[in-house]
Every structure is written in structure tokens, then in C-alpha cells.
Amino acid sequence: MGIITNDRGSSSALTIDILPILRWQNSKTRNQLKRDKERLPDEKICDHLTKMLDTRKNALDVNDWNFDVFAFNRLTNGRALFHISLHLFYEYNLIEIFKLDIVKLMRFISLVEEGYHSSNPYHNAVHAADVTQAMHCYLRERKLDKALSPLEKMTAIVSAITHDLDHPGVNQAFLIATSNHLATLYNNCSVLENHHWRSALGLLHESGVFEHFDRSLWKTMEWQLKSLILATDISKQNGFLDQFKVHVKENTLNMDDPKHRNFILQIALKCADVCNPGRPWTTSKRWSELVCDEFFKQGDRERQMRLPVTQCCDRLTTSIEKMQIGFMNFVVMPLFTEWHRFHLSSLSETILLNIESNQKNWQEILLDPKMQTTKPEPNSFTSKSEE
Ligand SMILES: [Zn+2]
């Protein structure tokens, strides 16, 4: 991952410097530990620390699946999405290929970052950064890297960055039950996903980042972006999975066909969106707690508004462990099983192994009441509505 400088402005080069610096900091910590190991007499403690650091190896390398987006977000002062996104535009040489104006690009990414609600425990800019980093890992897979055009890679990155833009922190059922204007606008159909892609389109226009594209290039990109973001609607999961299963089984995915490449990018974005259970345990567990926190906040609002409390959003009756095991069994594992059959790569295998091991951890916690995750207190009954 080199630093690509740009003669249109030094600020971009300064911004992009951050990833190699973070990598260097990581290696510095490792060297420090090696020196400490020589000084400290207790080998056991040192071995434990070394093991601990090894599990966090590459935690700040954006090319690595063990990337720790929470740590990176802290180190970038809450701007993980901005730095990762801008870095990837350089990494894939998109600024050069599409003659992008760096100021407009930075404005676009900043607007996207601001478009996420930091008050959402889960659907915020850190989740978007996580999904974008996962998409980057998938784009590096041999089958995709070889076949995709620069435009398809750029659309994949833009779709990951924007896929939950302006998420209100509640689900579609809540928006319909509360007669939210978005539900009316999109006729109660893929309400959130339609809103995310419309919002993304609005910011693309507002920033003018692609305004120099000719009509056909713009239309192609717009169509791809829409199809990718709309594919993240979880209610469409089975349709996509069945189609993917048939393609993989019969080996009918032809990567020379633009429609097939678009389909695999839809699957890639879906895999990036639900990849939390495939990350290392500490990161994965943290995401589970955050998503439950957001669900429970919705349940609190439903209770306060005297609406029926959505089953998975009721903090008084929901078990985080059972919810995670169910999510892994019915959504994540079937999808990543096919993803692995398609790629047969070390990354797809690692993800499957992580899912299995994380599922085992949740089962162990479920069987041992002492280890069970403490449910957050229902302290948000009076939280203000965001709509
Ligand atoms: Zn998402």
C-alpha cells in the first residue's frame, strides 16, 4: 500500500499518510514488547502478552481481515469512514482513472460521514467504515480483482460507504407503524434502502464529484449503485441466496458478463453488511452488543408510544446470545457458505472458521448464566425521536 501523491493538492497526501503511520505504530508496539520480554522475568506474562498482540496482528492494516475499525476510529478522532474511503480512492487509482477533483471527492466523503447519525449505537459512520473495509477485502479476492472494471470497483466502494446513509436507527416496521413520511414516500417497500440510495445520489449531485462524467457513464454508475444498495434489504435475502446457490452449484457465473459481475457485487455488499460474526471474537462481540443496543432503544420507543414491541427489540425478553446464534444460523452461515464455495480462498475460509468459533462462544455463554451478557438498562424511555 503505497502513498500516492497528487499534484492537485498536498492535503490529500497528508491525509493518506495516516495508514502507513498507524502500521508503523503497530510494529513499534511489537518491538517495544520484545524489549520488555527481555527485561521482564515472568515468562508467562510475556507469553500471554505476545499471544494477545498476535491476535491483534494487523489490527490497523486496512488490507487485513483482522482490521480493528474501533481502534482505527479512535486513532483518527472518529473519522474512520473518511480516512478509509479516501485511502481506497487512492489505492484503486480511481482519482487518476476518473480524473476526480480531490476537493470535490473530499467534500463528498465528508458529507456522507456527516449524513450518518452518530447517536445510533450501530447504524452510524463506523458501521459504514467497517462495511467499506470488508468490501475492500472482497475486492482483493482473485476472482473479483481480475474481473471487475475500475468503474465497478468504484461503485462497490461508493455503495459500501453510502449503503446506510441517514439511517434513523429504527427498522422499516417502526417507520410504517409510526406513519413516517419515508414509509409513505416509498410505499412501504424497501423504505430504508430506497432512502439510503436516494440520499447517496443527492450527495453525489451536491458535491459534484462525478459531474464531469458523460451521460452514459453516469447512468451506468447510478444504476449499479441503486442495485447494490437495494440488495441490502434483508427481506430479499432468500431470493438472492437461492439464486447464488444455483449459480455456484452449476458453476454458471460468467465474470465476463456485466450482469453477473453486478450480481456478485450485490452479494459482496450483502456479505460486507452482515460480516460482523465473521470477524475476530472481540470485534464481533462488540458489534453484537451495539446492534442489540440499537434494537432495544427501538423497543423502548415502541413501549413508550404504546405500540406492540418488536420481538427482537424487547430488552425485557430478548436474549442477545440466542439472537446472535439465530442470526448466524439463518442469515450469516448460509450466505458465507456459498461465498466460500464461490471463492475457495483463504479469506473466505477464515470468515467461515470465525463464524463457527464465534457461534461456539455464544453457545458457551448461553449455557453458563454467569457469563451471560448484561442487558443494557432501559434508560432511554425518554429519548427524543430522531425523525
Ligand atoms: Zn449496513
# chains A, B, ... in the order shown; residues from 1 in each chain; ligands from 1
call {"tool": "residues_around", "arguments": {"residues": "A:Cys271", "least_positions_apart": "2", "cutoff": "12 Å", "atoms": "only C-alpha atoms", "output": "JSON, numbers by chain"}}
result
{"A": [130, 131, 132, 133, 134, 135, 136, 137, 138, 139, 160, 228, 231, 232, 234, 237, 240, 241, 264, 265, 266, 267, 268, 269, 273, 274, 275, 276, 277, 278, 279, 331, 332, 333, 334, 335, 336, 337, 338, 339, 340, 348, 351, 352]}
call {"tool": "residues_around", "arguments": {"residues": "A:Trp218", "least_positions_apart": "3", "cutoff": "12 Å", "atoms": "only C-alpha atoms", "output": "ChimeraX atom specification"}}
result
/A:98,151,155,201,204-205,208-215,221-225
call {"tool": "residues_near_ligand", "arguments": {"ligand": "ligand 1", "cutoff": "7 Å", "atoms": "only C-alpha atoms and all ligand atoms", "output": "VMD selection string"}}
result
chain A and resid 123 127 to 128 163 to 164 273
call {"tool": "write_last_selection", "arguments": {"atoms": "C-alpha atoms", "output": "PDB file, in the first residue's frame"}}
result
ATOM      1  CA  HIS A 123     -26.047   2.192  12.129  1.00  0.00           C
ATOM      2  CA  HIS A 127     -20.516   0.610  10.636  1.00  0.00           C
ATOM      3  CA  ALA A 128     -20.195   2.183   7.167  1.00  0.00           C
ATOM      4  CA  HIS A 163     -25.328   1.971   1.980  1.00  0.00           C
ATOM      5  CA  ASP A 164     -26.924   3.070   5.313  1.00  0.00           C
ATOM      6  CA  ASP A 273     -23.102  -5.734   5.575  1.00  0.00           C
TER       7      ASP A 273
END
call {"tool": "atom_distance", "arguments": {"atom1": "atom CA of A:Asn171", "atom2": "atom CA of A:Cys292"}}
result
12.7 Å
call {"tool": "atom_distance", "arguments": {"atom1": "atom CA of A:Asp166", "atom2": "atom CA of A:Gly115"}}
result
5.2 Å
call {"tool": "closest_atom_pairs", "arguments": {"of": "stretch 62-87 of chain A", "to": "stretch 109-114 of chain A", "cutoff": "10 Å", "atoms": "only C-alpha atoms", "output": "CSV"}}
result
residue,atom,partner,partner_atom,distance
A:Arg79,CA,A:Glu113,CA,8.0
A:Ala80,CA,A:Glu113,CA,9.2
A:Leu81,CA,A:Glu113,CA,6.6
A:Phe82,CA,A:Ile109,CA,6.0
A:His83,CA,A:Ile109,CA,9.1
A:Ser85,CA,A:Ile109,CA,7.2
A:Leu86,CA,A:Ile109,CA,7.5
call {"tool": "write_last_selection", "arguments": {"atoms": "N, CA and C atoms", "output": "PDB file, in the first residue's frame"}}
result
ATOM      1  N   ARG A  79     -12.952   9.607  12.679  1.00  0.00           N
ATOM      2  CA  ARG A  79     -13.106   9.826  11.239  1.00  0.00           C
ATOM      3  C   ARG A  79     -12.668   8.607  10.422  1.00  0.00           C
ATOM      4  N   ALA A  80     -12.973   7.417  10.937  1.00  0.00           N
ATOM      5  CA  ALA A  80     -12.564   6.185  10.230  1.00  0.00           C
ATOM      6  C   ALA A  80     -13.129   6.147   8.815  1.00  0.00           C
ATOM      7  N   LEU A  81     -14.394   6.496   8.658  1.00  0.00           N
ATOM      8  CA  LEU A  81     -15.030   6.398   7.340  1.00  0.00           C
ATOM      9  C   LEU A  81     -14.336   7.313   6.333  1.00  0.00           C
ATOM     10  N   PHE A  82     -14.035   8.523   6.759  1.00  0.00           N
ATOM     11  CA  PHE A  82     -13.385   9.483   5.862  1.00  0.00           C
ATOM     12  C   PHE A  82     -12.022   8.966   5.409  1.00  0.00           C
ATOM     13  N   HIS A  83     -11.200   8.534   6.368  1.00  0.00           N
ATOM     14  CA  HIS A  83      -9.831   8.128   6.030  1.00  0.00           C
ATOM     15  C   HIS A  83      -9.793   6.844   5.210  1.00  0.00           C
ATOM     16  N   SER A  85     -12.192   5.660   3.249  1.00  0.00           N
ATOM     17  CA  SER A  85     -12.761   5.918   1.922  1.00  0.00           C
ATOM     18  C   SER A  85     -11.756   6.634   1.030  1.00  0.00           C
ATOM     19  N   LEU A  86     -11.171   7.701   1.557  1.00  0.00           N
ATOM     20  CA  LEU A  86     -10.230   8.465   0.737  1.00  0.00           C
ATOM     21  C   LEU A  86      -9.028   7.601   0.364  1.00  0.00           C
TER      22      LEU A  86
END
call {"tool": "residues_around", "arguments": {"residues": "stretch 184-186 of chain A", "least_positions_apart": "6", "cutoff": "10 Å", "atoms": "only C-alpha atoms", "output": "list in words"}}
result
Leu175, Ile176, Leu192, Glu193, Asn194 and His195 of chain A
call {"tool": "closest_residue", "arguments": {"among": "A:Trp281, A:Lys245, A:Thr252, A:Leu307", "to": "A:Leu353", "atoms": "only C-alpha atoms"}}
result
A:Trp281
call {"tool": "closest_residue", "arguments": {"among": "A:Ala200, A:Asn58, A:Leu182, A:Met255", "to": "A:Ile161", "atoms": "only C-alpha atoms"}}
result
A:Ala200
call {"tool": "residues_around", "arguments": {"residues": "A:Thr310", "least_positions_apart": "5", "cutoff": "9 Å", "atoms": "only C-alpha atoms", "output": "number ranges by chain"}}
result
A: 173-174, 295, 298-299, 302
call {"tool": "write_last_selection", "arguments": {"atoms": "C-alpha atoms", "output": "JSON list (two decimals), in the first residue's frame"}}
result
[["chain", "number", "residue", "atom", "x", "y", "z"],
["A", 173, "ALA", "CA", -41.67, -1.87, 10.57],
["A", 174, "PHE", "CA", -41.26, 1.03, 13.01],
["A", 295, "PHE", "CA", -32.77, -2.70, 18.73],
["A", 298, "GLN", "CA", -36.35, 1.00, 19.30],
["A", 299, "GLY", "CA", -38.24, -1.35, 21.65],
["A", 302, "GLU", "CA", -42.34, 1.36, 20.92]]
call {"tool": "closest_atom_pairs", "arguments": {"of": "stretch 275-319 of chain A", "to": "stretch 59-64 of chain A", "cutoff": "12 Å", "atoms": "only C-alpha atoms", "output": "Markdown table"}}
result
| residue | atom | partner | partner_atom | distance |
| --- | --- | --- | --- | --- |
| A:Arg279 | CA | A:Asp64 | CA | 10.8 |
| A:Pro280 | CA | A:Ala59 | CA | 10.2 |
| A:Thr282 | CA | A:Ala59 | CA | 11.6 |
| A:Thr283 | CA | A:Ala59 | CA | 10.3 |
call {"tool": "write_last_selection", "arguments": {"atoms": "C-alpha atoms", "output": "mmCIF file, in the first residue's frame"}}
result
data_model
loop_
_atom_site.group_PDB
_atom_site.id
_atom_site.type_symbol
_atom_site.label_atom_id
_atom_site.label_comp_id
_atom_site.auth_asym_id
_atom_site.auth_seq_id
_atom_site.Cartn_x
_atom_site.Cartn_y
_atom_site.Cartn_z
ATOM 1 C CA ARG A 279 -14.655 -11.019 12.409
ATOM 2 C CA PRO A 280 -12.364 -11.979 15.321
ATOM 3 C CA THR A 282 -13.633 -9.320 20.396
ATOM 4 C CA THR A 283 -14.687 -7.162 17.465
#
call {"tool": "closest_residue", "arguments": {"among": "A:Lys104, A:Arg142, A:Asp233, A:Val126", "to": "A:Trp287", "atoms": "only C-alpha atoms"}}
result
A:Val126
call {"tool": "select_by_dssp", "arguments": {"residues": "stretch 139-337 of chain A", "states": "alpha helix (DSSP H)", "output": "ChimeraX atom specification"}}
result
/A:139,142-147,150-162,172-177,181-185,191-207,215-230,237-250,258-273,281-304,320-327,333-337
call {"tool": "residues_around", "arguments": {"residues": "A:Glu321", "least_positions_apart": "4", "cutoff": "7 Å", "atoms": "only C-alpha atoms", "output": "PyMOL selection string"}}
result
chain A and resi 325+362+366
call {"tool": "atom_distance", "arguments": {"atom1": "atom CA of A:Ile95", "atom2": "atom CA of A:Leu217"}}
result
15.4 Å
call {"tool": "closest_residue", "arguments": {"among": "A:Cys312, A:Val69, A:Leu144, A:Leu105", "to": "A:Ala125", "atoms": "only C-alpha atoms"}}
result
A:Val69
call {"tool": "residues_around", "arguments": {"residues": "A:Asn124", "least_positions_apart": "6", "cutoff": "8 Å", "atoms": "only C-alpha atoms", "output": "ChimeraX atom specification"}}
result
/A:116-118,164,167
call {"tool": "write_last_selection", "arguments": {"atoms": "N, CA and C atoms", "output": "PDB file, in the first residue's frame"}}
result
ATOM      1  N   TYR A 116     -24.425  10.261   8.430  1.00  0.00           N
ATOM      2  CA  TYR A 116     -24.727   9.168   9.366  1.00  0.00           C
ATOM      3  C   TYR A 116     -25.010   9.757  10.744  1.00  0.00           C
ATOM      4  N   HIS A 117     -25.902   9.115  11.492  1.00  0.00           N
ATOM      5  CA  HIS A 117     -26.279   9.632  12.811  1.00  0.00           C
ATOM      6  C   HIS A 117     -25.348   9.046  13.872  1.00  0.00           C
ATOM      7  N   SER A 118     -24.531   9.905  14.474  1.00  0.00           N
ATOM      8  CA  SER A 118     -23.599   9.381  15.483  1.00  0.00           C
ATOM      9  C   SER A 118     -24.350   8.917  16.730  1.00  0.00           C
ATOM     10  N   ASP A 164     -25.970   2.840   4.210  1.00  0.00           N
ATOM     11  CA  ASP A 164     -26.924   3.070   5.313  1.00  0.00           C
ATOM     12  C   ASP A 164     -27.086   4.565   5.597  1.00  0.00           C
ATOM     13  N   HIS A 167     -29.491   6.664   8.174  1.00  0.00           N
ATOM     14  CA  HIS A 167     -30.289   5.625   8.843  1.00  0.00           C
ATOM     15  C   HIS A 167     -30.860   6.205  10.142  1.00  0.00           C
TER      16      HIS A 167
END
call {"tool": "closest_residue", "arguments": {"among": "A:Glu289, A:Glu349, A:Asp300, A:Glu206", "to": "A:Gln324", "atoms": "only C-alpha atoms"}}
result
A:Glu289
